[in-house]
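J.: Have a peek at run-v1.cif (mmCIF, C-alpha atoms).
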```cif
data_coords
#
loop_
_atom_site.label_atom_id
_atom_site.label_comp_id
_atom_site.auth_asym_id
_atom_site.auth_seq_id
_atom_site.Cartn_x
_atom_site.Cartn_y
_atom_site.Cartn_z
CA MET A 1 0.00 0.00 0.00
CA ALA A 2 1.37 3.41 -0.91
CA PRO A 3 1.88 5.95 1.88
CA GLY A 4 -1.37 7.64 2.85
CA GLY A 5 -3.37 5.35 0.59
CA ASN A 6 -2.12 7.04 -2.60
CA SER A 7 -2.78 5.09 -5.80
CA LYS A 8 0.86 5.50 -6.84
CA PRO A 9 3.22 3.44 -4.66
CA LEU A 10 6.24 5.62 -5.51
CA LEU A 11 6.56 9.30 -4.69
CA ALA A 12 8.21 10.14 -8.03
CA ASP A 13 5.13 8.96 -9.92
CA LEU A 14 2.75 10.68 -7.53
CA VAL A 15 4.60 13.96 -8.08
CA ALA A 16 4.73 13.48 -11.87
CA SER A 17 0.99 12.85 -12.07
CA SER A 18 -0.03 15.76 -9.82
CA THR A 19 -0.62 19.42 -10.68
CA SER A 20 -1.04 20.41 -7.03
CA LYS A 21 1.16 23.13 -5.56
CA GLN A 22 0.69 21.60 -2.10
CA VAL A 23 2.32 18.68 -0.31
CA PRO A 24 -0.12 15.80 0.36
CA SER A 25 -1.27 15.81 3.98
CA ASN A 26 0.50 12.56 4.88
CA TYR A 27 3.87 14.22 4.19
CA ILE A 28 3.28 17.30 6.36
CA ARG A 29 5.22 17.32 9.63
CA PRO A 30 3.73 18.65 12.87
CA ILE A 31 4.65 22.31 13.43
CA SER A 32 7.10 21.34 16.19
CA ASP A 33 8.93 18.96 13.84
CA ARG A 34 9.48 21.00 10.68
CA PRO A 35 12.87 21.86 9.16
CA CYS A 36 12.88 25.60 10.06
CA LEU A 37 15.05 26.17 6.99
CA SER A 38 15.61 29.86 7.77
CA GLU A 39 17.47 28.89 10.97
CA VAL A 40 19.94 26.50 9.30
CA GLN A 41 23.57 27.63 9.34
CA ALA A 42 24.83 28.08 5.80
CA SER A 43 27.54 25.80 4.49
CA ASN A 44 31.07 27.18 4.17
CA ALA A 45 34.59 25.91 3.69
CA THR A 46 34.94 25.09 7.40
CA SER A 47 31.54 23.45 7.95
CA ILE A 48 33.16 20.05 8.40
CA THR A 49 36.74 18.83 8.14
CA VAL A 50 38.11 17.83 4.73
CA ILE A 51 40.80 15.16 5.03
CA ASP A 52 43.34 14.54 2.27
CA LEU A 53 43.78 10.76 2.17
CA GLU A 54 46.85 11.06 -0.04
CA GLU A 55 48.65 12.16 3.14
CA LEU A 56 47.72 8.96 4.96
CA HIS A 57 50.65 6.99 3.55
CA GLY A 58 53.35 9.64 3.77
CA PRO A 59 55.25 11.65 6.37
CA ASN A 60 52.02 13.34 7.55
CA HIS A 61 50.41 10.06 8.63
CA SER A 62 50.18 11.04 12.31
CA LEU A 63 48.71 14.44 11.38
CA VAL A 64 45.94 12.77 9.37
CA LEU A 65 45.19 10.49 12.33
CA GLU A 66 44.88 13.56 14.56
CA GLN A 67 42.48 15.17 12.06
CA LEU A 68 40.42 11.99 11.96
CA SER A 69 40.30 11.72 15.73
CA GLN A 70 39.21 15.32 16.17
CA ALA A 71 36.54 15.08 13.47
CA CYS A 72 35.14 11.83 14.87
CA GLN A 73 35.02 13.21 18.42
CA GLU A 74 33.58 16.63 17.64
CA ASP A 75 31.32 16.19 14.61
CA GLY A 76 31.06 12.49 13.80
CA PHE A 77 31.40 13.68 10.19
CA PHE A 78 34.24 14.50 7.83
CA GLN A 79 34.87 14.70 4.08
CA VAL A 80 37.62 12.93 2.15
CA LYS A 81 39.44 13.93 -1.01
CA ASN A 82 42.22 12.19 -2.97
CA HIS A 83 40.52 8.95 -1.96
CA GLY A 84 41.65 6.93 -4.97
CA ILE A 85 38.23 6.33 -6.56
CA PRO A 86 38.36 7.49 -10.19
CA GLU A 87 36.03 10.28 -11.28
CA SER A 88 34.77 8.02 -14.08
CA ILE A 89 33.41 5.46 -11.57
CA ILE A 90 31.69 8.25 -9.62
CA ASN A 91 30.18 9.74 -12.77
CA ASP A 92 28.97 6.33 -13.94
CA VAL A 93 27.18 5.42 -10.71
CA LEU A 94 25.48 8.82 -10.42
CA GLY A 95 24.50 8.58 -14.07
CA VAL A 96 23.06 5.09 -13.84
CA ALA A 97 21.14 6.01 -10.66
CA ARG A 98 19.59 8.97 -12.47
CA GLU A 99 18.74 6.73 -15.43
CA PHE A 100 17.10 4.18 -13.14
CA PHE A 101 14.76 6.71 -11.53
CA ARG A 102 13.79 7.99 -15.00
CA LEU A 103 12.73 4.54 -16.23
CA PRO A 104 9.01 4.01 -16.86
CA GLU A 105 7.01 3.31 -13.72
CA SER A 106 6.25 -0.27 -14.82
CA GLU A 107 9.96 -1.02 -15.18
CA ARG A 108 10.92 0.40 -11.78
CA LEU A 109 8.07 -1.40 -10.03
CA LYS A 110 9.61 -4.77 -10.97
CA VAL A 111 11.84 -4.40 -7.91
CA TYR A 112 9.31 -2.62 -5.64
CA SER A 113 8.76 -4.17 -2.20
CA GLU A 114 7.77 -3.09 1.29
CA ASP A 115 9.45 -6.15 2.82
CA PRO A 116 12.53 -4.87 4.71
CA THR A 117 14.12 -8.33 4.72
CA LYS A 118 14.57 -8.28 0.93
CA SER A 119 18.20 -7.65 -0.03
CA THR A 120 17.24 -5.77 -3.21
CA ARG A 121 14.17 -3.56 -3.18
CA LEU A 122 12.74 -0.29 -4.40
CA SER A 123 10.51 1.48 -1.91
CA THR A 124 9.48 4.89 -0.67
CA SER A 125 9.76 7.02 2.48
CA PHE A 126 11.55 4.85 5.11
CA ASN A 127 9.37 2.31 6.90
CA VAL A 128 5.83 2.63 5.58
CA GLU A 129 4.40 0.16 8.10
CA HIS A 130 5.63 1.96 11.23
CA GLU A 131 5.91 5.67 10.43
CA LYS A 132 3.11 8.17 11.02
CA VAL A 133 4.33 10.79 8.53
CA SER A 134 5.84 9.92 5.16
CA ASN A 135 9.22 11.16 3.94
CA TRP A 136 9.75 12.88 0.59
CA ARG A 137 11.95 10.13 -0.85
CA ASP A 138 12.04 7.03 -3.02
CA PHE A 139 14.98 4.67 -2.64
CA LEU A 140 16.56 1.61 -4.17
CA ARG A 141 18.26 -0.50 -1.50
CA LEU A 142 20.95 -3.01 -2.49
CA HIS A 143 23.07 -5.48 -0.57
CA CYS A 144 26.50 -5.54 -2.16
CA TYR A 145 28.96 -7.68 -0.20
CA PRO A 146 29.85 -10.30 -1.12
CA LEU A 147 29.00 -9.10 -4.65
CA GLU A 148 28.54 -12.59 -6.09
CA GLU A 149 25.73 -13.31 -3.62
CA TYR A 150 23.62 -10.29 -4.53
CA MET A 151 24.52 -8.87 -7.93
CA HIS A 152 22.15 -11.19 -9.82
CA GLU A 153 19.20 -9.69 -7.89
CA TRP A 154 19.94 -6.11 -8.95
CA PRO A 155 18.01 -4.36 -11.71
CA SER A 156 19.14 -5.32 -15.22
CA ASN A 157 17.83 -2.04 -16.61
CA PRO A 158 19.53 0.36 -17.35
CA PRO A 159 21.79 -2.14 -19.17
CA SER A 160 25.01 -0.91 -17.51
CA PHE A 161 23.48 -0.89 -14.00
CA ARG A 162 25.11 -4.04 -12.62
CA LYS A 163 28.54 -3.30 -14.08
CA ASP A 164 28.62 0.34 -12.98
CA VAL A 165 27.29 -0.34 -9.48
CA ALA A 166 29.58 -3.35 -8.93
CA GLU A 167 32.65 -1.28 -9.82
CA TYR A 168 31.50 1.45 -7.47
CA CYS A 169 30.77 -0.96 -4.59
CA THR A 170 34.17 -2.61 -4.90
CA SER A 171 35.95 0.75 -4.97
CA VAL A 172 34.05 2.08 -1.95
CA ARG A 173 34.74 -1.09 0.03
CA GLY A 174 38.46 -0.56 -0.54
CA LEU A 175 38.10 3.03 0.72
CA VAL A 176 36.19 1.87 3.79
CA LEU A 177 38.82 -0.70 4.73
CA ARG A 178 41.55 1.97 4.53
CA LEU A 179 39.48 4.31 6.68
CA LEU A 180 38.78 1.60 9.28
CA GLU A 181 42.50 0.97 9.70
CA ALA A 182 43.15 4.69 10.12
CA ILE A 183 40.27 5.10 12.58
CA SER A 184 41.54 2.12 14.59
CA GLU A 185 44.98 3.70 14.77
CA SER A 186 43.49 7.08 15.72
CA LEU A 187 41.95 5.37 18.76
CA GLY A 188 45.33 3.93 19.76
CA LEU A 189 44.32 0.43 18.66
CA GLU A 190 45.97 -2.00 16.25
CA ALA A 191 45.10 -1.14 12.64
CA ASP A 192 43.07 -4.33 12.16
CA CYS A 193 41.10 -4.06 15.42
CA ILE A 194 37.84 -2.65 14.08
CA GLY A 195 37.87 -4.83 10.98
CA LYS A 196 38.24 -7.95 13.12
CA ALA A 197 35.22 -6.97 15.23
CA LEU A 198 32.80 -7.08 12.29
CA GLY A 199 32.54 -10.81 11.70
CA LYS A 200 32.18 -11.48 7.96
CA HIS A 201 31.40 -7.78 7.29
CA GLY A 202 28.34 -6.41 5.52
CA GLN A 203 27.89 -3.70 2.91
CA HIS A 204 24.61 -2.17 1.77
CA MET A 205 23.87 0.88 -0.31
CA ALA A 206 20.91 3.05 -1.17
CA MET A 207 20.17 5.17 -4.18
CA ASN A 208 17.97 7.95 -2.80
CA TYR A 209 15.76 9.99 -5.10
CA TYR A 210 14.28 13.20 -3.70
CA PRO A 211 11.81 14.75 -6.21
CA PRO A 212 11.19 18.51 -6.33
CA CYS A 213 8.83 19.46 -3.50
CA PRO A 214 6.28 22.31 -3.72
CA GLN A 215 6.53 23.07 0.03
CA PRO A 216 9.98 21.98 1.28
CA GLU A 217 9.47 23.79 4.60
CA LEU A 218 6.73 21.30 5.59
CA THR A 219 8.49 17.97 5.14
CA TYR A 220 11.78 16.06 5.09
CA GLY A 221 13.59 13.82 2.67
CA LEU A 222 14.68 12.06 5.86
CA PRO A 223 14.18 13.46 9.38
CA GLY A 224 16.97 13.71 11.96
CA HIS A 225 18.48 10.30 12.73
CA THR A 226 21.73 8.52 13.45
CA ASP A 227 22.94 5.62 11.29
CA PRO A 228 22.70 2.16 12.89
CA ASN A 229 25.69 0.75 10.99
CA LEU A 230 29.45 1.22 11.51
CA ILE A 231 30.39 3.89 8.98
CA THR A 232 28.61 5.56 6.05
CA ILE A 233 30.22 6.85 2.85
CA LEU A 234 27.94 9.36 1.12
CA LEU A 235 28.13 10.37 -2.52
CA GLN A 236 25.92 13.34 -3.46
CA ASP A 237 25.07 14.97 -6.75
CA ASP A 238 25.43 18.76 -6.95
CA VAL A 239 22.15 19.61 -5.17
CA PRO A 240 22.37 20.46 -1.43
CA GLY A 241 20.30 18.52 1.09
CA LEU A 242 22.45 17.02 3.85
CA GLN A 243 22.42 18.80 7.23
CA ILE A 244 24.17 17.77 10.45
CA HIS A 245 23.36 18.68 14.05
CA ARG A 246 26.06 20.54 15.96
CA ASP A 247 25.76 22.54 19.20
CA GLY A 248 21.96 22.68 19.02
CA ARG A 249 21.89 23.93 15.41
CA TRP A 250 21.50 22.36 11.99
CA ILE A 251 24.39 23.00 9.60
CA ALA A 252 24.17 22.54 5.83
CA VAL A 253 26.87 20.34 4.29
CA ASN A 254 26.91 21.22 0.63
CA PRO A 255 28.42 18.77 -1.85
CA ILE A 256 31.98 19.18 -3.11
CA PRO A 257 32.49 17.46 -6.49
CA TYR A 258 34.24 14.07 -6.30
CA THR A 259 34.52 14.30 -2.51
CA PHE A 260 32.84 11.82 -0.15
CA THR A 261 31.12 12.72 3.10
CA VAL A 262 31.82 10.16 5.82
CA ASN A 263 29.90 9.75 9.06
CA ILE A 264 30.38 7.62 12.13
CA GLY A 265 27.54 5.17 12.79
CA ASP A 266 26.17 3.79 16.04
CA GLN A 267 28.41 0.68 15.98
CA MET A 268 31.54 2.84 15.80
CA GLN A 269 30.33 4.81 18.82
CA VAL A 270 30.04 1.51 20.70
CA LEU A 271 33.40 0.12 19.56
CA SER A 272 35.11 3.40 20.52
CA ASN A 273 33.45 3.24 23.96
CA ASP A 274 31.80 6.63 23.34
CA ARG A 275 34.96 8.44 22.23
CA TYR A 276 33.63 8.84 18.70
CA LYS A 277 30.10 10.11 18.16
CA SER A 278 27.27 8.98 15.91
CA VAL A 279 25.60 12.32 15.18
CA LEU A 280 22.09 13.33 14.14
CA HIS A 281 21.76 14.28 10.49
CA ARG A 282 18.87 14.79 8.09
CA ALA A 283 18.00 15.39 4.45
CA VAL A 284 15.91 18.37 3.35
CA VAL A 285 14.37 18.82 -0.09
CA GLN A 286 14.30 21.52 -2.75
CA ARG A 287 11.39 23.31 -4.37
CA ASP A 288 12.65 23.23 -7.95
CA LYS A 289 15.37 20.56 -8.08
CA GLU A 290 15.49 16.81 -7.78
CA ARG A 291 18.37 15.36 -5.76
CA ILE A 292 20.18 12.03 -5.81
CA SER A 293 22.38 10.74 -3.02
CA ILE A 294 24.10 7.36 -2.74
CA PRO A 295 25.07 6.31 0.79
CA THR A 296 27.08 3.14 1.35
CA PHE A 297 26.43 1.56 4.75
CA TYR A 298 29.29 -0.59 6.02
CA CYS A 299 28.33 -2.78 8.94
CA PRO A 300 29.08 -5.88 10.98
CA SER A 301 27.58 -9.15 9.80
CA PRO A 302 24.28 -9.88 11.62
CA ASP A 303 25.83 -12.47 13.97
CA ALA A 304 28.84 -10.31 14.91
CA VAL A 305 28.98 -9.53 18.64
CA ILE A 306 29.61 -5.82 19.16
CA GLY A 307 30.89 -4.11 22.29
CA PRO A 308 33.56 -1.59 23.32
CA ALA A 309 37.08 -2.53 22.17
CA GLU A 310 39.02 -4.11 25.03
CA GLY A 311 41.91 -1.71 24.50
CA LEU A 312 39.61 1.23 25.37
CA ILE A 313 38.34 -0.16 28.67
CA ASP A 314 40.18 0.36 31.97
CA GLY A 315 39.50 1.50 35.52
CA ASP A 316 39.01 5.10 34.46
CA HIS A 317 37.03 4.19 31.36
CA PRO A 318 34.55 1.40 32.11
CA ALA A 319 32.54 -0.16 29.28
CA VAL A 320 29.67 2.18 28.39
CA TYR A 321 27.75 -0.52 26.47
CA ARG A 322 26.92 -4.17 26.95
CA GLN A 323 27.64 -6.64 24.18
CA PHE A 324 24.96 -7.41 21.59
CA THR A 325 24.66 -8.83 18.08
CA TYR A 326 24.26 -6.45 15.19
CA ALA A 327 21.04 -8.28 14.22
CA GLU A 328 19.57 -7.43 17.64
CA TYR A 329 20.57 -3.81 17.29
CA TYR A 330 19.27 -3.35 13.76
CA ARG A 331 15.92 -4.93 14.65
CA LYS A 332 15.36 -2.34 17.39
CA PHE A 333 16.49 0.50 15.11
CA TRP A 334 14.14 -0.53 12.31
CA ASN A 335 11.10 -0.85 14.57
CA ARG A 336 11.69 2.65 15.94
CA ALA A 337 11.32 4.10 12.42
CA LEU A 338 13.99 6.84 12.58
CA ALA A 339 13.14 8.00 16.08
CA LYS A 340 15.30 10.98 17.03
CA GLU A 341 16.38 9.29 20.23
CA CYS A 342 19.38 7.10 19.49
CA SER A 343 18.75 3.37 19.90
CA LEU A 344 22.14 3.13 21.65
CA ASP A 345 20.63 4.15 24.97
CA MET A 346 18.94 0.74 25.18
CA PHE A 347 22.32 -1.01 25.11
CA LYS A 348 24.15 0.94 27.82
CA THR A 349 25.47 -0.93 30.85
CA SER A 350 23.54 -0.48 34.09
CA SER A 351 26.32 1.72 35.51
CA THR A 352 26.12 4.23 32.62
CA ALA A 353 22.45 4.12 31.63
#
```
Could you write out this structure as structure tokens?
T.:
Amino acid sequence: MAPGGNSKPLLADLVASSTSKQVPSNYIRPISDRPCLSEVQASNATSITVIDLEELHGPNHSLVLEQLSQACQEDGFFQVKNHGIPESIINDVLGVAREFFRLPESERLKVYSEDPTKSTRLSTSFNVEHEKVSNWRDFLRLHCYPLEEYMHEWPSNPPSFRKDVAEYCTSVRGLVLRLLEAISESLGLEADCIGKALGKHGQHMAMNYYPPCPQPELTYGLPGHTDPNLITILLQDDVPGLQIHRDGRWIAVNPIPYTFTVNIGDQMQVLSNDRYKSVLHRAVVQRDKERISIPTFYCPSPDAVIGPAEGLIDGDHPAVYRQFTYAEYYRKFWNRALAKECSLDMFKTSSTA
């Protein structure tokens, strides 16, 4: 069933078929929970740290680790340049995502599903069964590691979809593994510590499509939330939309071409024993422009047992969280349907709760 009982299951088709200058009522947020776009701090060159990964393997290695540590502690967000992923791969994946969302409705609906357990599915909003207000977004969700287990499920149209997305997924996984080693080192741990904590590892991605919205001040592409996974690598087109929460204010993070935005997820906050922060962020929409974003969610395998790294626990720094499986954590996150309150609070030890 489409959100709000609409005849069109996907937002893009609802928007295309409507001449209304108003947002449908099921997308309108309560007054207390609207974006307040006039109060958002404008993006500038110092909004969030930009880290040059070319420096990671040279004489400035320790300086890059310091930058990483500071960004993860203060913002939970940073951007990376000189990351080694060719511009051609980035252009191809953005292009094929745009092509997919422009396919005829009947073609896109071949992969439509509201079943969150499906490893490849096109859907809308976030969790249509649990949420009270819909989000101004359609999305294609793909599992992508190991590639050979999932690639055959992906859309075969556009014709280059599987090739372009597979190349992108493989490249981003390589970037993630380099970042995880650096983040481990920045915490004073062995470089392979975080990677070893993830079991067999998991990698998902979403292609988010945010259509133009006649009243962007009334709704969200996605409301404020933290990410339940370990680390997220975000690729954006050239249309602004991402905002992060810092010191009680929302700050716009405008896209920089061929630069990735990276954010710490809930599992990294646990593994770091609260040293690194999983921070609220949201997506707002534009009146006259569509927007595409492609987040890659790197996570533990479902059976991986997550808890604070042993090297970060001592008499002065007791474990803030109990151990749990990632499957247990994600189940609670999903059922809360992007509640602003972080699901992490439910996993704190009795001495810190």
J.: Let me make sure I understand: among A:Leu65, A:Leu187, A:Ile233, A:Ala283, which one has the smallest atom-to-atom distance to Ala252 of chain A if we use all atoms listed in the file?
T.: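 Smallest separation from Ala252 of chain A among the options: A:Ala283.
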J.: Given the point (40.2, -7.2, 23.4) in the coordinates of this file, which residues lie within 12 Å, counting only C-alpha atoms, and how would they look as a PyMOL selection string?
T.: chain A and resi 189-190+192-194+196-197+271+306-314+319
J.: Using only C-alpha atoms, please write the residues we just selected to a file, as a PDB file, in the coordinates of the input.
T.:
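As a result, part_4.pdb now contains:
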```pdb
ATOM      1  CA  LEU A 189      44.320   0.430  18.660  1.00  0.00           C
ATOM      2  CA  GLU A 190      45.970  -2.000  16.250  1.00  0.00           C
ATOM      3  CA  ASP A 192      43.070  -4.330  12.160  1.00  0.00           C
ATOM      4  CA  CYS A 193      41.100  -4.060  15.420  1.00  0.00           C
ATOM      5  CA  ILE A 194      37.840  -2.650  14.080  1.00  0.00           C
ATOM      6  CA  LYS A 196      38.240  -7.950  13.120  1.00  0.00           C
ATOM      7  CA  ALA A 197      35.220  -6.970  15.230  1.00  0.00           C
ATOM      8  CA  LEU A 271      33.400   0.120  19.560  1.00  0.00           C
ATOM      9  CA  ILE A 306      29.610  -5.820  19.160  1.00  0.00           C
ATOM     10  CA  GLY A 307      30.890  -4.110  22.290  1.00  0.00           C
ATOM     11  CA  PRO A 308      33.560  -1.590  23.320  1.00  0.00           C
ATOM     12  CA  ALA A 309      37.080  -2.530  22.170  1.00  0.00           C
ATOM     13  CA  GLU A 310      39.020  -4.110  25.030  1.00  0.00           C
ATOM     14  CA  GLY A 311      41.910  -1.710  24.500  1.00  0.00           C
ATOM     15  CA  LEU A 312      39.610   1.230  25.370  1.00  0.00           C
ATOM     16  CA  ILE A 313      38.340  -0.160  28.670  1.00  0.00           C
ATOM     17  CA  ASP A 314      40.180   0.360  31.970  1.00  0.00           C
ATOM     18  CA  ALA A 319      32.540  -0.160  29.280  1.00  0.00           C
TER      19      ALA A 319
END
```
J.: For a test of reading the model, state the distance in Å between atom CA of Arg322 of chain A and atom CA of Leu175 of chain A, rounded to one decimal.
T.: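 Value for the atom CA of Arg322 of chain A-atom CA of Leu175 of chain A distance: 29.4 Å.
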J.: By how many Å are atom CA of Arg34 of chain A and atom CA of Thr219 of chain A apart?
T.: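 Interatomic distance, atom CA of Arg34 of chain A to atom CA of Thr219 of chain A: 6.4 Å.
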J.: Rounded to one decimal in Å, what is the spacing between atom CA of Pro216 of chain A and atom CA of Val279 of chain A?
T.: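 According to the coordinates, atom CA of Pro216 of chain A and atom CA of Val279 of chain A are separated by 23.0 Å.
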J.: Restricting the calculation to all atoms listed in the file, which member of A:Gly241, A:Pro86, A:Pro146, A:Glu181 is positioned closest to Ala166 of chain A?
T.: A:Pro146
J.: Using all atoms listed in the file, pick whichever of A:Leu11, A:Leu56, A:Leu37, A:Val96 has the shortest atom-to-atom distance to His83 of chain A.
T.: A:Leu56
J.: Name the closest residue to Glu105 of chain A among the candidates A:Ser350, A:Ser278, A:Asn263, A:Ser17; distances are taken between atoms, counting all atoms listed in the file.
T.: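 Looking at the shortest contact to Glu105 of chain A, the residue is A:Ser17.
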J.: Which residues are close to segment 41-50 of chain A, i.e. within 12 Å by only C-alpha atoms, leaving aside same-chain residues fewer than 6 positions away? Reply as a PyMOL selection string.
T.: chain A and resi 64+66-83+240-256+259-263
J.: With the cut-off set at 8 Å and counting only C-alpha atoms, tabulate each residue of segment 50-154 of chain A with an atom at most that distance from an atom of segment 199-205 of chain A, showing the nearest atom pair and its distance in Å to one decimal, ordered by chain and increasing number, as JSON lines.
T.:
```
{"residue": "A:Arg141", "atom": "CA", "partner": "A:Met205", "partner_atom": "CA", "distance": 5.9}
{"residue": "A:Leu142", "atom": "CA", "partner": "A:Met205", "partner_atom": "CA", "distance": 5.3}
{"residue": "A:His143", "atom": "CA", "partner": "A:His204", "partner_atom": "CA", "distance": 4.3}
{"residue": "A:Cys144", "atom": "CA", "partner": "A:His204", "partner_atom": "CA", "distance": 5.5}
{"residue": "A:Tyr145", "atom": "CA", "partner": "A:Gln203", "partner_atom": "CA", "distance": 5.2}
{"residue": "A:Pro146", "atom": "CA", "partner": "A:Gly202", "partner_atom": "CA", "distance": 7.8}
```
J.: Would you mind telling me which residue in A:Pro318, A:Pro302, A:Pro211, A:Pro228 lies nearest to Lys289 of chain A when using all atoms listed in the file?
T.: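 Of A:Pro318, A:Pro302, A:Pro211, A:Pro228, the one nearest Lys289 of chain A, counting all atoms listed in the file, is A:Pro211.
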